[in-house]
Amino acid sequence: MNFEFREIGAADGCNSLSLGDASLTALKIFLRKEAKPLHAANLARTFVYAEKDTARVRAYVTIVCGQVSVSYLEPTERVDGFRYKDFPALKLARLAVDTSLQGQGIGNQLVDFVIGVALERVMPYSGCRFLVVDAKPTSISFYERKGFKKTGVVADDSGIVTMVIDLHRLLNTVNKVSTA
């Protein structure tokens, strides 16, 4: 099958995404009902991995502006002299991969894409220190392998954990590798 990765479009088929686990239904509902209107209104940006011939969405990632509370961070992650209660951040708001494509590295590529957007498109023009994700319990280890660290549990009983990656440190690591 021939796939393409691009911004969500009006003609994209968003009904056939299969996620397998009932706890992930909200991700499918978001894609079907909210992704296109929010994208069009510039309230969220959704990028899709879709079949070229049918425009059926098989994976997607949604990005929004966000923040992370200074109180969520370990003292070593805080910045001396920063006087605000929240650090500017980019939020990976949604990520889903069809069950038929899981285990093929597509989720990794979607996270890498968001990190690239943050490092190459956001940070050069705006203050942005962290990439934040609210990870479902089944996804925590995936995000930990990508370098995210747990900060705390969201204030409900879902088990969702807020996780961050320090983009400034990541950028410094990338710069050191590229100059070596």
# chains A, B, ... in the order shown; residues from 1 in each chain; ligands from 1
call {"tool": "residues_around", "arguments": {"residues": "Val122 of chain A", "least_positions_apart": "2", "cutoff": "12 Å", "atoms": "only C-alpha atoms", "output": "PDB file with N, CA and C atoms, in the first residue's frame"}}
result
ATOM      1  N   ILE A  63      -0.941  18.414  17.343  1.00  0.00           N
ATOM      2  CA  ILE A  63      -0.065  19.290  18.114  1.00  0.00           C
ATOM      3  C   ILE A  63      -0.826  20.557  18.484  1.00  0.00           C
ATOM      4  N   VAL A  64      -0.629  21.025  19.719  1.00  0.00           N
ATOM      5  CA  VAL A  64      -1.194  22.297  20.166  1.00  0.00           C
ATOM      6  C   VAL A  64      -0.144  23.044  20.984  1.00  0.00           C
ATOM      7  N   CYS A  65      -0.354  24.340  21.146  1.00  0.00           N
ATOM      8  CA  CYS A  65       0.488  25.095  22.074  1.00  0.00           C
ATOM      9  C   CYS A  65       0.094  24.693  23.482  1.00  0.00           C
ATOM     10  N   PRO A  88       6.739  27.731  28.777  1.00  0.00           N
ATOM     11  CA  PRO A  88       6.126  27.563  27.465  1.00  0.00           C
ATOM     12  C   PRO A  88       6.475  26.188  26.907  1.00  0.00           C
ATOM     13  N   ALA A  89       5.494  25.579  26.257  1.00  0.00           N
ATOM     14  CA  ALA A  89       5.680  24.218  25.759  1.00  0.00           C
ATOM     15  C   ALA A  89       4.858  23.994  24.502  1.00  0.00           C
ATOM     16  N   LEU A  90       5.215  22.960  23.797  1.00  0.00           N
ATOM     17  CA  LEU A  90       4.416  22.438  22.703  1.00  0.00           C
ATOM     18  C   LEU A  90       3.821  21.150  23.235  1.00  0.00           C
ATOM     19  N   LYS A  91       2.562  20.889  22.925  1.00  0.00           N
ATOM     20  CA  LYS A  91       1.915  19.688  23.448  1.00  0.00           C
ATOM     21  C   LYS A  91       1.587  18.726  22.326  1.00  0.00           C
ATOM     22  N   VAL A 114       7.106  15.578  15.583  1.00  0.00           N
ATOM     23  CA  VAL A 114       6.714  16.643  16.504  1.00  0.00           C
ATOM     24  C   VAL A 114       7.943  17.272  17.144  1.00  0.00           C
ATOM     25  N   ILE A 115       8.912  16.462  17.528  1.00  0.00           N
ATOM     26  CA  ILE A 115      10.163  16.998  18.076  1.00  0.00           C
ATOM     27  C   ILE A 115      10.845  17.884  17.037  1.00  0.00           C
ATOM     28  N   GLY A 116      10.868  17.440  15.789  1.00  0.00           N
ATOM     29  CA  GLY A 116      11.455  18.242  14.719  1.00  0.00           C
ATOM     30  C   GLY A 116      10.737  19.569  14.527  1.00  0.00           C
ATOM     31  N   VAL A 117       9.407  19.551  14.574  1.00  0.00           N
ATOM     32  CA  VAL A 117       8.628  20.794  14.479  1.00  0.00           C
ATOM     33  C   VAL A 117       9.032  21.736  15.607  1.00  0.00           C
ATOM     34  N   ALA A 118       9.140  21.201  16.813  1.00  0.00           N
ATOM     35  CA  ALA A 118       9.497  22.031  17.962  1.00  0.00           C
ATOM     36  C   ALA A 118      10.888  22.638  17.797  1.00  0.00           C
ATOM     37  N   LEU A 119      11.863  21.801  17.440  1.00  0.00           N
ATOM     38  CA  LEU A 119      13.248  22.266  17.349  1.00  0.00           C
ATOM     39  C   LEU A 119      13.499  23.181  16.154  1.00  0.00           C
ATOM     40  N   GLU A 120      12.882  22.867  15.019  1.00  0.00           N
ATOM     41  CA  GLU A 120      13.194  23.582  13.775  1.00  0.00           C
ATOM     42  C   GLU A 120      12.219  24.700  13.426  1.00  0.00           C
ATOM     43  N   PRO A 124      13.002  28.432  17.092  1.00  0.00           N
ATOM     44  CA  PRO A 124      13.715  29.577  16.514  1.00  0.00           C
ATOM     45  C   PRO A 124      12.914  30.884  16.528  1.00  0.00           C
ATOM     46  N   TYR A 125      11.594  30.786  16.718  1.00  0.00           N
ATOM     47  CA  TYR A 125      10.753  31.974  16.621  1.00  0.00           C
ATOM     48  C   TYR A 125       9.951  32.285  17.877  1.00  0.00           C
ATOM     49  N   SER A 126       9.941  31.385  18.849  1.00  0.00           N
ATOM     50  CA  SER A 126       9.122  31.578  20.035  1.00  0.00           C
ATOM     51  C   SER A 126       9.742  30.840  21.216  1.00  0.00           C
ATOM     52  N   GLY A 127       9.480  31.357  22.395  1.00  0.00           N
ATOM     53  CA  GLY A 127       9.931  30.646  23.579  1.00  0.00           C
ATOM     54  C   GLY A 127       9.194  29.316  23.684  1.00  0.00           C
ATOM     55  N   CYS A 128       9.932  28.238  23.829  1.00  0.00           N
ATOM     56  CA  CYS A 128       9.342  26.909  23.956  1.00  0.00           C
ATOM     57  C   CYS A 128      10.398  26.007  24.579  1.00  0.00           C
ATOM     58  N   ARG A 129      10.190  25.597  25.800  1.00  0.00           N
ATOM     59  CA  ARG A 129      11.216  24.834  26.510  1.00  0.00           C
ATOM     60  C   ARG A 129      10.944  23.334  26.523  1.00  0.00           C
ATOM     61  N   PHE A 130       9.679  22.942  26.572  1.00  0.00           N
ATOM     62  CA  PHE A 130       9.340  21.538  26.745  1.00  0.00           C
ATOM     63  C   PHE A 130       8.358  21.046  25.689  1.00  0.00           C
ATOM     64  N   LEU A 131       8.411  19.757  25.446  1.00  0.00           N
ATOM     65  CA  LEU A 131       7.368  19.049  24.709  1.00  0.00           C
ATOM     66  C   LEU A 131       6.638  18.230  25.761  1.00  0.00           C
ATOM     67  N   LEU A 167      13.276  20.314  25.593  1.00  0.00           N
ATOM     68  CA  LEU A 167      13.710  20.591  24.224  1.00  0.00           C
ATOM     69  C   LEU A 167      15.045  21.327  24.182  1.00  0.00           C
ATOM     70  N   HIS A 168      15.297  22.166  25.165  1.00  0.00           N
ATOM     71  CA  HIS A 168      16.561  22.906  25.219  1.00  0.00           C
ATOM     72  C   HIS A 168      17.735  21.935  25.352  1.00  0.00           C
TER      73      HIS A 168
END
call {"tool": "select_by_dssp", "arguments": {"residues": "segment 5-176 of chain A", "states": "strand (DSSP E)", "output": "MDAnalysis selection string"}}
result
chainID A and resid 5:7 45:51 57:69 86:97 130:135 149:153 161:166
call {"tool": "select_by_dssp", "arguments": {"residues": "segment 35-153 of chain A", "states": "alpha helix (DSSP H)", "output": "list in words"}}
result
Ala35, Lys36, Pro37, Leu38, His39, Ala40, Ile106, Gly107, Asn108, Gln109, Leu110, Val111, Asp112, Phe113, Val114, Ile115, Gly116, Val117, Ile140, Ser141, Phe142, Tyr143, Glu144 and Arg145 of chain A
call {"tool": "residues_around", "arguments": {"residues": "Val70 of chain A", "least_positions_apart": "6", "cutoff": "10 Å", "atoms": "only C-alpha atoms", "output": "count of residues only"}}
result
9
call {"tool": "residues_around", "arguments": {"residues": "Ala44 of chain A", "least_positions_apart": "2", "cutoff": "7 Å", "atoms": "only C-alpha atoms", "output": "PyMOL selection string"}}
result
chain A and resi 38-39+42+46+62-64
